[in-house]
Amino acid sequence: MADISIQVINRGEEAIFDAPNDMGLSLMEFLKANEYEQIEGTCGGMALCASCHVRVLEVSPPLDEQSDDELAILETLPIVYDNSRLSCQIKLNTGLERIKIEIPEL
Amino acid sequence: MIETDIAIIGAGPVGLFAIFETGLLKLRCHLIDYLPQAGGQLSEIYPKKPIYDIPGYPSVGAQELVDNLLKQAAPFHPTFTFGERIETLTKNGERNFTLTTHLGTTVHAKVVVIAGGLGCFEPRKPEVVGLEKFERGKGVTYMVLDPEKFRDKKVVIAGGGDSALDWSIFLSDIAKEVTLVHRSESFRAAPHSVNQAQKLAAEGKINLLLNCNIQEVFGSDKLEQVSINNTKLNELVKMDADNLIPLFGLSPKLGPIGEWGLNIDKNAVEVNTDDYSTNIPGVYAIGDINTYKNKLKLILCGFHEAALMAHSAYKYINPDVKYTMKYTTVSGVNEF
């Protein structure tokens, strides 16, 4: 079992973590566990509230396309970017090796 | 001034069940919630989702649970203030609290129960120059409480989700003019709403501005104009507006609760698990807003907390009365 390398940029500061890929965690749950306070995950991970919005800067291998539900909820945010994702929809499993994200201010 | 035995801050599932538990003890409740309806995040965020861990219900819809809790609480005639946020909590003495909302409503209570869930659902605000100048009744509002306030007004709605579309459709019959400003080319909201909005746009009842952002708001005392930037054409236009309603969803914030002298740990209120009382005698915190060792943010835990809180609150209000717990199977539910 290999860990997933997670690089987080938050308010200009960078942190690197190794996350397990066999615990059924989402990136949102991992970020909350590491106390990134902007990541609220209000709905618990159902892609319903957009309170776990991140920008994916680099990822390997590439993520699946967003579901319609994820796109619809991202649409409700005041600002979204081409690389915006809901971190609750990014699963930390064997399909992911490395990801670099930025937590937006809004 | 609203007089009550128990002021409950938050009308989510745990706040609603607290009406029942305190009602069995003949205590009257008044609930205050910043959202425009009861149910908290169940009604606001996931009304149609099933919940699987409510004891006795293999599966129950979130809104169905809220409706049942309201029905269960109905014999105790709770009263509600919606769309208002409690700003201040003052303890005047034992069994004597005054709460004031951001709109100036005051509630006088013997006990205060904070059942605020994840905090106040604050609207997400877009980056628009001058926006805050026109909040609080001067033209910019983030939720529609009374649609009649927009009758014969020029209304600009910003956003691309279900609520932006649904309110544009609804207000197109009431307002003088409805303009819907959306930053993308298309909508991903419910197809029915999208089709209806496009139909109303074709009929000239909604002015649909796609690939656009609100940039700045203008006016002297009240909102008079907004400037809108078309990002595709790189064009800036100004238009007259009496009201601007940005609808970009809600995000929970602890808000003023953090300034009331309560012991707070990581955006949650510390409580004594004997009775879920806080460090201020007469103030309790139940449900997701509280924290203690091994806390689980589950509705069923909040229900348990509500029951223990109710009995402690009864003793606090009636220090000289000896009370023996009665089962509803024995004494029933006695309306009062």
# chains A, B, ... in the order shown; residues from 1 in each chain; ligands from 1
>>> interface_residues(of="chain B", to="chain A", cutoff="8 Å", atoms="only C-alpha atoms", output="list in words")
Gln41, Ile45, Tyr46, Leu118, Arg124, Lys125, Pro126, Glu127, Gly159, Gly160, Gly161, Phe187, Arg188, Ala189, Leu247, Phe248, Gly249, Leu250, Ser251 and Pro252 of chain B
>>> write_last_selection(atoms="C-alpha atoms", output="PDB file, in the first residue's frame")
ATOM      1  CA  GLN B  41     -29.621  22.208   7.333  1.00  0.00           C
ATOM      2  CA  ILE B  45     -29.410  21.765   2.271  1.00  0.00           C
ATOM      3  CA  TYR B  46     -30.691  18.237   1.884  1.00  0.00           C
ATOM      4  CA  LEU B 118     -23.040  24.553  12.673  1.00  0.00           C
ATOM      5  CA  ARG B 124     -21.997  33.886   0.644  1.00  0.00           C
ATOM      6  CA  LYS B 125     -21.323  37.388  -0.607  1.00  0.00           C
ATOM      7  CA  PRO B 126     -19.896  38.070  -4.049  1.00  0.00           C
ATOM      8  CA  GLU B 127     -17.083  40.553  -4.459  1.00  0.00           C
ATOM      9  CA  GLY B 159     -26.448  33.627  -9.189  1.00  0.00           C
ATOM     10  CA  GLY B 160     -26.810  30.463 -11.220  1.00  0.00           C
ATOM     11  CA  GLY B 161     -28.223  27.883  -8.819  1.00  0.00           C
ATOM     12  CA  PHE B 187     -27.351  26.853 -16.117  1.00  0.00           C
ATOM     13  CA  ARG B 188     -26.914  23.572 -14.298  1.00  0.00           C
ATOM     14  CA  ALA B 189     -29.888  23.979 -12.007  1.00  0.00           C
ATOM     15  CA  LEU B 247     -27.986  34.182  -4.248  1.00  0.00           C
ATOM     16  CA  PHE B 248     -24.750  32.220  -3.928  1.00  0.00           C
ATOM     17  CA  GLY B 249     -25.715  29.746  -1.254  1.00  0.00           C
ATOM     18  CA  LEU B 250     -25.143  29.802   2.478  1.00  0.00           C
ATOM     19  CA  SER B 251     -22.152  29.048   4.620  1.00  0.00           C
ATOM     20  CA  PRO B 252     -22.327  28.404   8.382  1.00  0.00           C
TER      21      PRO B 252
END
>>> residues_around(residues="region 237-241 of chain B", least_positions_apart="6", cutoff="10 Å", atoms="only C-alpha atoms", output="list in words")
Gly139, Lys153, Lys154, Val155, Val156, Glu177, Val178, Thr179, Ile214, Gln215, Glu216, Val217, Phe218, Gly219, Lys222, Leu223, Glu224, Gln225, Val226, Ser227, Ile228, Asn229 and Asn230 of chain B
>>> residues_around(residues="Glu259 (chain B)", least_positions_apart="4", cutoff="12 Å", atoms="only C-alpha atoms", output="list in words")
Ile86, Glu87, Thr88, Leu89, Thr90, Leu254, Gly255, Asn263, Ile264, Asn267 and Val269 of chain B
>>> write_last_selection(atoms="N, CA and C atoms", output="PDB file, in the first residue's frame")
ATOM      1  N   ILE B  86     -29.691  36.135  16.359  1.00  0.00           N
ATOM      2  CA  ILE B  86     -29.489  36.706  17.693  1.00  0.00           C
ATOM      3  C   ILE B  86     -28.103  37.348  17.740  1.00  0.00           C
ATOM      4  N   GLU B  87     -28.108  38.628  18.062  1.00  0.00           N
ATOM      5  CA  GLU B  87     -26.841  39.373  18.148  1.00  0.00           C
ATOM      6  C   GLU B  87     -26.310  39.401  19.573  1.00  0.00           C
ATOM      7  N   THR B  88     -27.216  39.697  20.528  1.00  0.00           N
ATOM      8  CA  THR B  88     -26.744  39.849  21.911  1.00  0.00           C
ATOM      9  C   THR B  88     -27.525  38.950  22.861  1.00  0.00           C
ATOM     10  N   LEU B  89     -26.827  38.463  23.863  1.00  0.00           N
ATOM     11  CA  LEU B  89     -27.442  37.677  24.930  1.00  0.00           C
ATOM     12  C   LEU B  89     -27.007  38.324  26.234  1.00  0.00           C
ATOM     13  N   THR B  90     -27.984  38.812  26.998  1.00  0.00           N
ATOM     14  CA  THR B  90     -27.669  39.481  28.265  1.00  0.00           C
ATOM     15  C   THR B  90     -28.322  38.733  29.411  1.00  0.00           C
ATOM     16  N   LEU B 254     -20.046  30.666  13.139  1.00  0.00           N
ATOM     17  CA  LEU B 254     -20.438  30.693  14.548  1.00  0.00           C
ATOM     18  C   LEU B 254     -21.125  32.017  14.885  1.00  0.00           C
ATOM     19  N   GLY B 255     -20.656  33.094  14.283  1.00  0.00           N
ATOM     20  CA  GLY B 255     -21.306  34.394  14.440  1.00  0.00           C
ATOM     21  C   GLY B 255     -21.201  34.931  15.851  1.00  0.00           C
ATOM     22  N   ASN B 263     -17.623  29.520  27.040  1.00  0.00           N
ATOM     23  CA  ASN B 263     -16.362  28.836  26.752  1.00  0.00           C
ATOM     24  C   ASN B 263     -16.477  28.175  25.386  1.00  0.00           C
ATOM     25  N   ILE B 264     -15.599  28.574  24.471  1.00  0.00           N
ATOM     26  CA  ILE B 264     -15.665  28.090  23.087  1.00  0.00           C
ATOM     27  C   ILE B 264     -14.399  27.301  22.781  1.00  0.00           C
ATOM     28  N   ASN B 267     -14.851  26.658  17.500  1.00  0.00           N
ATOM     29  CA  ASN B 267     -16.169  27.001  16.963  1.00  0.00           C
ATOM     30  C   ASN B 267     -17.325  26.204  17.563  1.00  0.00           C
ATOM     31  N   VAL B 269     -19.425  25.177  21.495  1.00  0.00           N
ATOM     32  CA  VAL B 269     -19.613  25.625  22.871  1.00  0.00           C
ATOM     33  C   VAL B 269     -19.330  24.459  23.819  1.00  0.00           C
TER      34      VAL B 269
END
>>> select_by_dssp(residues="region 111-181 of chain B", states="strand (DSSP E or B)", output="count of residues only")
20
>>> closest_residue(among="A:Leu96, A:Lys91, A:Ile103, A:Gly44", to="Met23 (chain A)", atoms="only C-alpha atoms")
A:Lys91
>>> residues_around(residues="region 6-18 of chain A", least_positions_apart="5", cutoff="7 Å", atoms="only C-alpha atoms", output="PyMOL selection string")
chain A and resi 98-103
>>> closest_residue(among="B:Phe80, B:Ala202, B:Ala310, B:Glu122", to="Gln37 (chain B)", atoms="only C-alpha atoms")
B:Phe80
>>> closest_residue(among="B:Gly117, B:Glu235, B:Ile32, B:Ala11", to="Ile286 (chain B)", atoms="only C-alpha atoms")
B:Gly117
>>> atom_distance(atom1="CA of Asn334 (chain B)", atom2="CA of Gln72 (chain B)")
11.7 Å
